[in-house]
$ cat my_file.cif   # mmCIF, C-alpha atoms
data_input
loop_
_atom_site.label_atom_id
_atom_site.label_comp_id
_atom_site.auth_asym_id
_atom_site.auth_seq_id
_atom_site.Cartn_x
_atom_site.Cartn_y
_atom_site.Cartn_z
CA ASN N 1 206.27 -37.81 154.69
CA ALA N 2 207.61 -39.63 151.65
CA GLY N 3 205.91 -42.85 152.81
CA VAL N 4 207.48 -46.05 151.49
CA THR N 5 210.23 -45.57 148.90
CA GLN N 6 211.91 -48.26 146.80
CA THR N 7 214.99 -48.22 144.61
CA PRO N 8 215.69 -48.98 141.85
CA LYS N 9 212.48 -48.65 139.83
CA PHE N 10 213.68 -51.07 137.17
CA ARG N 11 216.65 -53.38 136.79
CA ILE N 12 217.88 -55.99 134.35
CA LEU N 13 220.06 -58.73 135.82
CA LYS N 14 221.96 -61.55 134.22
CA ILE N 15 221.49 -65.07 135.56
CA GLY N 16 223.75 -65.60 138.56
CA GLN N 17 224.21 -61.92 139.38
CA SER N 18 223.23 -60.55 142.76
CA MET N 19 221.56 -57.34 143.81
CA THR N 20 219.84 -55.60 146.70
CA LEU N 21 216.43 -54.00 146.43
CA GLN N 22 216.19 -51.08 148.80
CA CYS N 23 213.12 -50.15 150.84
CA THR N 24 212.81 -47.25 153.27
CA GLN N 25 209.83 -45.89 155.18
CA ASP N 26 209.63 -42.67 157.17
CA MET N 27 206.40 -43.36 159.06
CA ASN N 28 208.09 -45.06 162.03
CA HIS N 29 206.25 -48.29 161.24
CA ASN N 30 207.40 -51.37 163.10
CA TYR N 31 206.16 -53.89 160.56
CA MET N 32 207.60 -54.23 157.06
CA TYR N 33 207.00 -56.70 154.24
CA TRP N 34 208.37 -57.77 150.88
CA TYR N 35 206.02 -59.13 148.21
CA ARG N 36 206.47 -60.26 144.64
CA GLN N 37 203.81 -60.01 141.98
CA ASP N 38 204.03 -62.09 138.84
CA PRO N 39 202.04 -61.07 135.74
CA GLY N 40 198.29 -61.53 136.20
CA MET N 41 198.69 -62.73 139.76
CA GLY N 42 198.18 -61.43 143.26
CA LEU N 43 201.00 -60.60 145.65
CA LYS N 44 202.96 -63.30 147.45
CA LEU N 45 204.81 -62.62 150.68
CA ILE N 46 208.57 -63.22 150.56
CA TYR N 47 209.78 -62.03 153.98
CA TYR N 48 208.49 -59.84 156.75
CA SER N 49 209.77 -58.09 159.85
CA VAL N 50 207.96 -57.02 163.02
CA GLY N 51 210.79 -54.81 164.22
CA ALA N 52 214.48 -54.03 163.97
CA GLY N 53 216.53 -57.20 164.27
CA ILE N 54 213.55 -59.50 163.69
CA THR N 55 212.77 -61.13 160.34
CA ASP N 56 210.79 -64.17 159.26
CA LYS N 57 209.96 -66.10 156.11
CA GLY N 58 206.76 -65.69 154.15
CA GLU N 59 205.24 -67.94 151.47
CA VAL N 60 208.07 -67.76 148.89
CA PRO N 61 211.42 -67.03 150.63
CA ASN N 62 213.72 -69.28 148.58
CA GLY N 63 216.42 -67.35 146.73
CA TYR N 64 216.09 -64.24 148.89
CA ASN N 65 217.50 -62.81 152.09
CA VAL N 66 216.58 -59.81 154.20
CA SER N 67 217.93 -57.82 157.10
CA ARG N 68 216.40 -55.21 159.38
CA SER N 69 219.10 -53.26 161.19
CA THR N 70 216.98 -50.11 161.57
CA THR N 71 213.27 -49.36 161.83
CA GLU N 72 213.36 -47.43 158.55
CA ASP N 73 215.16 -49.83 156.20
CA PHE N 74 214.31 -53.32 155.01
CA PRO N 75 216.55 -54.36 152.07
CA LEU N 76 215.88 -57.52 150.05
CA ARG N 77 218.89 -59.40 148.71
CA LEU N 78 218.96 -61.70 145.69
CA GLU N 79 222.18 -63.72 145.75
CA LEU N 80 222.08 -65.77 142.53
CA ALA N 81 219.45 -64.33 140.23
CA ALA N 82 217.34 -66.80 138.27
CA PRO N 83 214.76 -66.20 135.49
CA SER N 84 212.05 -67.35 137.91
CA GLN N 85 212.76 -64.22 139.95
CA THR N 86 211.59 -61.96 137.14
CA SER N 87 208.75 -60.11 138.82
CA VAL N 88 207.60 -56.83 140.33
CA TYR N 89 208.65 -56.45 143.94
CA PHE N 90 206.65 -54.39 146.41
CA CYS N 91 207.72 -53.32 149.86
CA ALA N 92 205.07 -52.39 152.42
CA SER N 93 204.90 -51.20 156.00
CA LYS N 94 202.28 -50.81 158.71
CA MET N 95 201.87 -49.80 162.30
CA ARG N 96 202.01 -52.47 164.97
CA GLN N 97 198.38 -52.01 165.97
CA SER N 98 195.81 -54.42 164.59
CA GLN N 99 193.29 -53.21 162.04
CA GLU N 100 195.79 -50.92 160.37
CA THR N 101 196.38 -51.20 156.64
CA GLN N 102 199.69 -51.77 154.94
CA TYR N 103 201.16 -48.93 152.88
CA PHE N 104 202.91 -50.00 149.69
CA GLY N 105 205.94 -48.60 147.92
CA PRO N 106 205.89 -47.94 144.15
CA GLY N 107 207.55 -51.25 143.30
CA THR N 108 210.74 -52.45 141.62
CA ARG N 109 210.46 -54.22 138.29
CA LEU N 110 213.15 -56.87 137.92
CA LEU N 111 214.00 -58.73 134.74
CA VAL N 112 216.45 -61.65 134.92
CA LEU N 113 217.86 -62.76 131.57
CA GLU C 1 196.82 -74.25 153.47
CA ASP C 2 195.36 -70.75 153.64
CA LYS C 3 193.69 -69.68 150.43
CA VAL C 4 191.95 -66.61 148.97
CA VAL C 5 190.05 -66.93 145.69
CA GLN C 6 188.59 -64.09 143.66
CA SER C 7 186.01 -64.22 140.91
CA PRO C 8 185.61 -63.38 138.17
CA LEU C 9 189.24 -63.10 137.08
CA SER C 10 188.32 -60.45 134.53
CA LEU C 11 185.32 -58.37 133.67
CA VAL C 12 184.44 -55.92 130.89
CA VAL C 13 181.53 -53.51 131.43
CA HIS C 14 180.31 -50.20 130.04
CA GLU C 15 180.22 -46.91 131.89
CA GLY C 16 177.21 -46.70 134.15
CA ASP C 17 177.00 -50.43 134.81
CA THR C 18 177.09 -51.89 138.32
CA VAL C 19 179.62 -54.61 139.07
CA THR C 20 180.05 -57.10 141.91
CA LEU C 21 183.43 -58.64 142.63
CA ASN C 22 183.70 -61.73 144.80
CA CYS C 23 186.28 -62.94 147.27
CA SER C 24 186.11 -66.24 149.16
CA TYR C 25 188.62 -67.47 151.68
CA GLU C 26 189.71 -70.50 153.66
CA VAL C 27 192.14 -69.49 156.40
CA THR C 28 193.04 -70.35 159.96
CA ASN C 29 192.39 -67.66 162.57
CA PHE C 30 190.79 -64.99 160.40
CA ARG C 31 191.59 -61.43 161.49
CA SER C 32 190.44 -59.13 158.70
CA LEU C 33 189.73 -58.88 154.98
CA LEU C 34 191.02 -56.02 152.87
CA TRP C 35 190.27 -54.73 149.40
CA TYR C 36 192.86 -52.87 147.31
CA LYS C 37 192.77 -51.16 143.91
CA GLN C 38 195.83 -51.50 141.68
CA GLU C 39 196.32 -49.34 138.59
CA LYS C 40 199.62 -50.53 137.08
CA LYS C 41 201.47 -49.50 140.21
CA ALA C 42 201.28 -50.08 143.95
CA PRO C 43 198.00 -51.28 145.47
CA THR C 44 195.97 -48.57 147.16
CA PHE C 45 193.74 -49.34 150.12
CA LEU C 46 189.96 -49.36 149.74
CA PHE C 47 188.37 -51.14 152.70
CA MET C 48 189.12 -53.24 155.75
CA LEU C 49 186.37 -55.55 157.01
CA THR C 50 186.40 -57.39 160.29
CA SER C 51 182.74 -57.88 161.23
CA SER C 52 180.01 -59.73 159.35
CA GLY C 53 177.11 -57.84 157.86
CA ILE C 54 178.43 -54.33 158.32
CA GLU C 55 178.69 -52.54 154.99
CA LYS C 56 181.63 -50.23 154.38
CA LYS C 57 180.96 -47.49 151.86
CA SER C 58 183.05 -44.91 150.05
CA GLY C 59 181.32 -43.01 147.27
CA ARG C 60 180.24 -45.48 144.60
CA LEU C 61 182.16 -48.36 146.19
CA SER C 62 180.85 -50.56 148.97
CA SER C 63 181.85 -53.85 150.53
CA ILE C 64 180.48 -56.37 152.97
CA LEU C 65 181.80 -59.45 154.73
CA ASP C 66 180.07 -62.75 155.55
CA LYS C 67 182.18 -64.61 158.09
CA LYS C 68 179.78 -67.55 158.23
CA GLU C 69 179.98 -68.25 154.51
CA LEU C 70 183.59 -67.02 154.30
CA PHE C 71 183.29 -64.46 151.54
CA SER C 72 183.18 -60.78 150.77
CA ILE C 73 181.83 -58.73 147.88
CA LEU C 74 182.93 -55.41 146.48
CA ASN C 75 180.25 -53.44 144.65
CA ILE C 76 180.90 -50.56 142.29
CA THR C 77 177.85 -48.63 141.09
CA ALA C 78 177.66 -46.26 138.11
CA THR C 79 181.09 -47.38 136.91
CA GLN C 80 183.45 -44.91 135.25
CA THR C 81 186.49 -45.47 133.02
CA GLY C 82 188.63 -44.44 135.99
CA ASP C 83 187.45 -47.55 137.82
CA SER C 84 189.42 -49.69 135.36
CA ALA C 85 192.01 -51.49 137.47
CA VAL C 86 192.91 -54.76 139.16
CA TYR C 87 191.00 -55.24 142.41
CA LEU C 88 192.82 -57.31 144.99
CA CYS C 89 191.32 -59.05 147.99
CA ALA C 90 193.61 -59.96 150.88
CA VAL C 91 193.06 -61.70 154.20
CA GLU C 92 195.03 -61.26 157.39
CA ALA C 93 195.05 -64.52 159.31
CA GLY C 94 197.10 -66.68 161.62
CA SER C 95 198.23 -66.59 165.20
CA GLY C 96 200.09 -63.58 166.49
CA ASN C 97 199.78 -60.00 165.33
CA THR C 98 202.14 -60.15 162.32
CA GLY C 99 199.92 -58.35 159.82
CA LYS C 100 200.77 -60.93 157.13
CA LEU C 101 198.37 -60.84 154.17
CA ILE C 102 197.30 -63.62 151.84
CA PHE C 103 196.24 -62.20 148.49
CA GLY C 104 193.82 -63.50 145.92
CA GLN C 105 194.82 -63.47 142.27
CA GLY C 106 192.87 -60.30 141.56
CA THR C 107 189.97 -59.30 139.34
CA THR C 108 190.80 -57.19 136.29
CA LEU C 109 188.00 -54.72 135.59
CA GLN C 110 187.81 -52.84 132.30
CA VAL C 111 185.20 -50.12 131.99
CA LYS C 112 184.50 -49.05 128.41
CA PRO C 113 183.16 -45.59 127.56
#
$ encode --input "my_file.cif" --output "structure tokens"
Amino acid sequence: NAGVTQTPKFRILKIGQSMTLQCTQDMNHNYMYWYRQDPGMGLKLIYYSVGAGITDKGEVPNGYNVSRSTTEDFPLRLELAAPSQTSVYFCASKMRQSQETQYFGPGTRLLVL
Amino acid sequence: EDKVVQSPLSLVVHEGDTVTLNCSYEVTNFRSLLWYKQEKKAPTFLFMLTSSGIEKKSGRLSSILDKKELFSILNITATQTGDSAVYLCAVEAGSGNTGKLIFGQGTTLQVKP
């Protein structure tokens, strides 16, 4: 199993540009999550999904959108990039059962200039 | 508002020292508390704690939860330079089995030779 994979690893965006961060997991996990981590801080939840076709907002959803058309994929869309979105983005997934840990992808580092 | 607070924020020790990292929380409908280690990449899972007073142990690392006083500690004995990392505490809380985590800001541990 590859686990949770994310692309790209690093991207520079200009203010106002849009992009999609890709996340795929091959563990057949129902639950998937997007977090952002600013320098020196913990992770903050952006959006999450408990299954295909179901998504919900986390703590910091403004400026982002998600979709979940398949169990495997959970892309994160930035429509109008702003400098405040400069961060490292982590995707994670877990099994539906309680008391199971989340597995994290390697992260995407995004710089908005 | 749900909150997870870690202390200290940073710590410098020498190899062989023992360290104690703290995590306190104020959340609604506590489900579990997790510890992760992050070494400049994705967080990796260390422990999940759900019951008070039961120590979880893995090699030189151990952790315990106090649900009455709402905190957890992570102990690392005989520290090594490879223990240098950010240690993240996260709490799963809330109604419904969504697996959403609230992270603390992390403790940066530097172990000097």
$ residues_near_point --input "my_file.cif" --point "(201.8, -62.7, 148.3)" --cutoff "12 Å" --atoms "only C-alpha atoms" --output "number ranges by chain"
N: 33-38, 41-48, 57-61, 88-92; C: 2-4, 88-92, 100-106
$ resolve_selection --input "my_file.cif" --expression "the PyMOL selection byres ((chain C) within 12 of (chain N))" --output "ChimeraX atom specification"
/C:1-6,9-10,31-51,85-93,96-108
$ write_last_selection --input "my_file.cif" --atoms "C-alpha atoms" --output "PDB file, in the coordinates of the input"
ATOM      1  CA  GLU C   1     196.820 -74.250 153.470  1.00  0.00           C
ATOM      2  CA  ASP C   2     195.360 -70.750 153.640  1.00  0.00           C
ATOM      3  CA  LYS C   3     193.690 -69.680 150.430  1.00  0.00           C
ATOM      4  CA  VAL C   4     191.950 -66.610 148.970  1.00  0.00           C
ATOM      5  CA  VAL C   5     190.050 -66.930 145.690  1.00  0.00           C
ATOM      6  CA  GLN C   6     188.590 -64.090 143.660  1.00  0.00           C
ATOM      7  CA  LEU C   9     189.240 -63.100 137.080  1.00  0.00           C
ATOM      8  CA  SER C  10     188.320 -60.450 134.530  1.00  0.00           C
ATOM      9  CA  ARG C  31     191.590 -61.430 161.490  1.00  0.00           C
ATOM     10  CA  SER C  32     190.440 -59.130 158.700  1.00  0.00           C
ATOM     11  CA  LEU C  33     189.730 -58.880 154.980  1.00  0.00           C
ATOM     12  CA  LEU C  34     191.020 -56.020 152.870  1.00  0.00           C
ATOM     13  CA  TRP C  35     190.270 -54.730 149.400  1.00  0.00           C
ATOM     14  CA  TYR C  36     192.860 -52.870 147.310  1.00  0.00           C
ATOM     15  CA  LYS C  37     192.770 -51.160 143.910  1.00  0.00           C
ATOM     16  CA  GLN C  38     195.830 -51.500 141.680  1.00  0.00           C
ATOM     17  CA  GLU C  39     196.320 -49.340 138.590  1.00  0.00           C
ATOM     18  CA  LYS C  40     199.620 -50.530 137.080  1.00  0.00           C
ATOM     19  CA  LYS C  41     201.470 -49.500 140.210  1.00  0.00           C
ATOM     20  CA  ALA C  42     201.280 -50.080 143.950  1.00  0.00           C
ATOM     21  CA  PRO C  43     198.000 -51.280 145.470  1.00  0.00           C
ATOM     22  CA  THR C  44     195.970 -48.570 147.160  1.00  0.00           C
ATOM     23  CA  PHE C  45     193.740 -49.340 150.120  1.00  0.00           C
ATOM     24  CA  LEU C  46     189.960 -49.360 149.740  1.00  0.00           C
ATOM     25  CA  PHE C  47     188.370 -51.140 152.700  1.00  0.00           C
ATOM     26  CA  MET C  48     189.120 -53.240 155.750  1.00  0.00           C
ATOM     27  CA  LEU C  49     186.370 -55.550 157.010  1.00  0.00           C
ATOM     28  CA  THR C  50     186.400 -57.390 160.290  1.00  0.00           C
ATOM     29  CA  SER C  51     182.740 -57.880 161.230  1.00  0.00           C
ATOM     30  CA  ALA C  85     192.010 -51.490 137.470  1.00  0.00           C
ATOM     31  CA  VAL C  86     192.910 -54.760 139.160  1.00  0.00           C
ATOM     32  CA  TYR C  87     191.000 -55.240 142.410  1.00  0.00           C
ATOM     33  CA  LEU C  88     192.820 -57.310 144.990  1.00  0.00           C
ATOM     34  CA  CYS C  89     191.320 -59.050 147.990  1.00  0.00           C
ATOM     35  CA  ALA C  90     193.610 -59.960 150.880  1.00  0.00           C
ATOM     36  CA  VAL C  91     193.060 -61.700 154.200  1.00  0.00           C
ATOM     37  CA  GLU C  92     195.030 -61.260 157.390  1.00  0.00           C
ATOM     38  CA  ALA C  93     195.050 -64.520 159.310  1.00  0.00           C
ATOM     39  CA  GLY C  96     200.090 -63.580 166.490  1.00  0.00           C
ATOM     40  CA  ASN C  97     199.780 -60.000 165.330  1.00  0.00           C
ATOM     41  CA  THR C  98     202.140 -60.150 162.320  1.00  0.00           C
ATOM     42  CA  GLY C  99     199.920 -58.350 159.820  1.00  0.00           C
ATOM     43  CA  LYS C 100     200.770 -60.930 157.130  1.00  0.00           C
ATOM     44  CA  LEU C 101     198.370 -60.840 154.170  1.00  0.00           C
ATOM     45  CA  ILE C 102     197.300 -63.620 151.840  1.00  0.00           C
ATOM     46  CA  PHE C 103     196.240 -62.200 148.490  1.00  0.00           C
ATOM     47  CA  GLY C 104     193.820 -63.500 145.920  1.00  0.00           C
ATOM     48  CA  GLN C 105     194.820 -63.470 142.270  1.00  0.00           C
ATOM     49  CA  GLY C 106     192.870 -60.300 141.560  1.00  0.00           C
ATOM     50  CA  THR C 107     189.970 -59.300 139.340  1.00  0.00           C
ATOM     51  CA  THR C 108     190.800 -57.190 136.290  1.00  0.00           C
TER      52      THR C 108
END
$ resolve_selection --input "my_file.cif" --expression "the PyMOL selection byres ((chain C and resi 94) around 6)" --output "PyMOL selection string"
chain C and resi 28-29+93+95
$ resolve_selection --input "my_file.cif" --expression "the PyMOL selection byres ((chain C and resi 59) around 12)" --output "list in words"
Leu46, Lys56, Lys57, Ser58, Arg60, Leu61, Ser62, Ser63, Asn75, Ile76, Thr77, Ala78 and Thr79 of chain C
$ residues_around --input "my_file.cif" --residues "Cys23 of chain N" --least-positions-apart "2" --cutoff "6 Å" --atoms "only C-alpha atoms" --output "number ranges by chain"
N: 5-6, 73-75
$ residues_around --input "my_file.cif" --residues "segment 10-15 of chain N" --least-positions-apart "2" --cutoff "8 Å" --atoms "all atoms listed in the file" --output "PDB file with C-alpha atoms, in the frame of the given file"
ATOM      1  CA  PRO N   8     215.690 -48.980 141.850  1.00  0.00           C
ATOM      2  CA  GLN N  17     224.210 -61.920 139.380  1.00  0.00           C
ATOM      3  CA  SER N  18     223.230 -60.550 142.760  1.00  0.00           C
ATOM      4  CA  LEU N  80     222.080 -65.770 142.530  1.00  0.00           C
ATOM      5  CA  ALA N  81     219.450 -64.330 140.230  1.00  0.00           C
ATOM      6  CA  ALA N  82     217.340 -66.800 138.270  1.00  0.00           C
ATOM      7  CA  PRO N  83     214.760 -66.200 135.490  1.00  0.00           C
ATOM      8  CA  THR N 108     210.740 -52.450 141.620  1.00  0.00           C
ATOM      9  CA  ARG N 109     210.460 -54.220 138.290  1.00  0.00           C
ATOM     10  CA  LEU N 110     213.150 -56.870 137.920  1.00  0.00           C
ATOM     11  CA  LEU N 111     214.000 -58.730 134.740  1.00  0.00           C
ATOM     12  CA  VAL N 112     216.450 -61.650 134.920  1.00  0.00           C
ATOM     13  CA  LEU N 113     217.860 -62.760 131.570  1.00  0.00           C
TER      14      LEU N 113
END
$ residues_around --input "my_file.cif" --residues "segment 77-79 of chain N" --least-positions-apart "5" --cutoff "7 Å" --atoms "only C-alpha atoms" --output "number ranges by chain"
N: 17-21, 63-66
$ atom_distance --input "my_file.cif" --atom1 "atom CA of Gly16 of chain N" --atom2 "atom CA of Ser67 of chain N"
20.9 Å
$ atom_distance --input "my_file.cif" --atom1 "atom CA of Leu11 of chain C" --atom2 "atom CA of Leu74 of chain C"
13.4 Å
$ closest_residue --input "my_file.cif" --among "N:Met27, N:Thr55, N:Gln22, N:Pro39" --to "Ala2 of chain N" --atoms "all atoms listed in the file"
N:Met27
$ atom_distance --input "my_file.cif" --atom1 "atom CA of Ser87 of chain N" --atom2 "atom CA of Asp83 of chain C"
24.7 Å
$ residues_around --input "my_file.cif" --residues "Asp26 of chain N" --least-positions-apart "3" --cutoff "7 Å" --atoms "all atoms listed in the file" --output "short mmCIF file (atom, residue, chain, number, x, y, z; two decimals) with C-alpha atoms, in the coordinates of the input"
data_model
loop_
_atom_site.label_atom_id
_atom_site.label_comp_id
_atom_site.auth_asym_id
_atom_site.auth_seq_id
_atom_site.Cartn_x
_atom_site.Cartn_y
_atom_site.Cartn_z
CA ASN N 1 206.27 -37.81 154.69
CA ALA N 2 207.61 -39.63 151.65
CA GLY N 3 205.91 -42.85 152.81
CA VAL N 4 207.48 -46.05 151.49
CA GLU N 72 213.36 -47.43 158.55
#
$ residues_around --input "my_file.cif" --residues "Leu70 of chain C" --least-positions-apart "3" --cutoff "9 Å" --atoms "all atoms listed in the file" --output "ChimeraX atom specification"
/C:23-26,65-67
$ build_atoms --input "my_file.cif" --residues "segment 11-37 of chain C" --atoms "N, CA and C atoms" --output "mmCIF file, in the coordinates of the input"
data_model
loop_
_atom_site.group_PDB
_atom_site.id
_atom_site.type_symbol
_atom_site.label_atom_id
_atom_site.label_comp_id
_atom_site.auth_asym_id
_atom_site.auth_seq_id
_atom_site.Cartn_x
_atom_site.Cartn_y
_atom_site.Cartn_z
ATOM 1 N N LEU C 11 186.667 -58.869 133.877
ATOM 2 C CA LEU C 11 185.320 -58.370 133.670
ATOM 3 C C LEU C 11 185.385 -57.145 132.775
ATOM 4 N N VAL C 12 184.528 -57.090 131.759
ATOM 5 C CA VAL C 12 184.440 -55.920 130.890
ATOM 6 C C VAL C 12 183.014 -55.390 130.968
ATOM 7 N N VAL C 13 182.869 -54.120 131.319
ATOM 8 C CA VAL C 13 181.530 -53.510 131.430
ATOM 9 C C VAL C 13 181.562 -52.154 130.728
ATOM 10 N N HIS C 14 180.405 -51.544 130.598
ATOM 11 C CA HIS C 14 180.310 -50.200 130.040
ATOM 12 C C HIS C 14 180.034 -49.196 131.156
ATOM 13 N N GLU C 15 180.444 -47.975 130.905
ATOM 14 C CA GLU C 15 180.220 -46.910 131.890
ATOM 15 C C GLU C 15 178.765 -46.900 132.327
ATOM 16 N N GLY C 16 178.561 -46.733 133.606
ATOM 17 C CA GLY C 16 177.210 -46.700 134.150
ATOM 18 C C GLY C 16 176.729 -48.023 134.709
ATOM 19 N N ASP C 17 177.385 -49.113 134.303
ATOM 20 C CA ASP C 17 177.000 -50.430 134.810
ATOM 21 C C ASP C 17 177.372 -50.545 136.285
ATOM 22 N N THR C 18 176.740 -51.515 136.952
ATOM 23 C CA THR C 18 177.090 -51.890 138.320
ATOM 24 C C THR C 18 177.788 -53.234 138.295
ATOM 25 N N VAL C 19 178.876 -53.356 139.041
ATOM 26 C CA VAL C 19 179.620 -54.610 139.070
ATOM 27 C C VAL C 19 179.745 -55.129 140.504
ATOM 28 N N THR C 20 179.835 -56.447 140.617
ATOM 29 C CA THR C 20 180.050 -57.100 141.910
ATOM 30 C C THR C 20 181.240 -58.029 141.780
ATOM 31 N N LEU C 21 182.235 -57.796 142.614
ATOM 32 C CA LEU C 21 183.430 -58.640 142.630
ATOM 33 C C LEU C 21 183.373 -59.510 143.884
ATOM 34 N N ASN C 22 183.814 -60.761 143.721
ATOM 35 C CA ASN C 22 183.700 -61.730 144.800
ATOM 36 C C ASN C 22 185.049 -62.163 145.340
ATOM 37 N N CYS C 23 185.069 -62.459 146.629
ATOM 38 C CA CYS C 23 186.280 -62.940 147.270
ATOM 39 C C CYS C 23 185.886 -63.984 148.315
ATOM 40 N N SER C 24 186.365 -65.207 148.158
ATOM 41 C CA SER C 24 186.110 -66.240 149.160
ATOM 42 C C SER C 24 187.439 -66.647 149.783
ATOM 43 N N TYR C 25 187.380 -67.155 150.996
ATOM 44 C CA TYR C 25 188.620 -67.470 151.680
ATOM 45 C C TYR C 25 188.474 -68.716 152.553
ATOM 46 N N GLU C 26 189.598 -69.392 152.711
ATOM 47 C CA GLU C 26 189.710 -70.500 153.660
ATOM 48 C C GLU C 26 191.016 -70.278 154.401
ATOM 49 N N VAL C 27 190.934 -69.808 155.621
ATOM 50 C CA VAL C 27 192.140 -69.490 156.400
ATOM 51 C C VAL C 27 191.948 -69.945 157.831
ATOM 52 N N THR C 28 193.062 -70.044 158.534
ATOM 53 C CA THR C 28 193.040 -70.350 159.960
ATOM 54 C C THR C 28 193.189 -69.049 160.741
ATOM 55 N N ASN C 29 192.335 -68.850 161.716
ATOM 56 C CA ASN C 29 192.390 -67.660 162.570
ATOM 57 C C ASN C 29 192.255 -66.372 161.774
ATOM 58 N N PHE C 30 191.084 -66.203 161.171
ATOM 59 C CA PHE C 30 190.790 -64.990 160.400
ATOM 60 C C PHE C 30 190.885 -63.764 161.292
ATOM 61 N N ARG C 31 191.493 -62.691 160.742
ATOM 62 C CA ARG C 31 191.590 -61.430 161.490
ATOM 63 C C ARG C 31 190.852 -60.307 160.757
ATOM 64 N N SER C 32 191.100 -60.188 159.456
ATOM 65 C CA SER C 32 190.440 -59.130 158.700
ATOM 66 C C SER C 32 190.543 -59.428 157.221
ATOM 67 N N LEU C 33 189.702 -58.762 156.442
ATOM 68 C CA LEU C 33 189.730 -58.880 154.980
ATOM 69 C C LEU C 33 189.867 -57.475 154.416
ATOM 70 N N LEU C 34 190.748 -57.335 153.442
ATOM 71 C CA LEU C 34 191.020 -56.020 152.870
ATOM 72 C C LEU C 34 190.812 -56.041 151.364
ATOM 73 N N TRP C 35 190.357 -54.925 150.838
ATOM 74 C CA TRP C 35 190.270 -54.730 149.400
ATOM 75 C C TRP C 35 191.232 -53.607 148.987
ATOM 76 N N TYR C 36 191.944 -53.851 147.868
ATOM 77 C CA TYR C 36 192.860 -52.870 147.310
ATOM 78 C C TYR C 36 192.532 -52.663 145.829
ATOM 79 N N LYS C 37 192.862 -51.477 145.335
ATOM 80 C CA LYS C 37 192.770 -51.160 143.910
ATOM 81 C C LYS C 37 194.183 -50.982 143.379
#
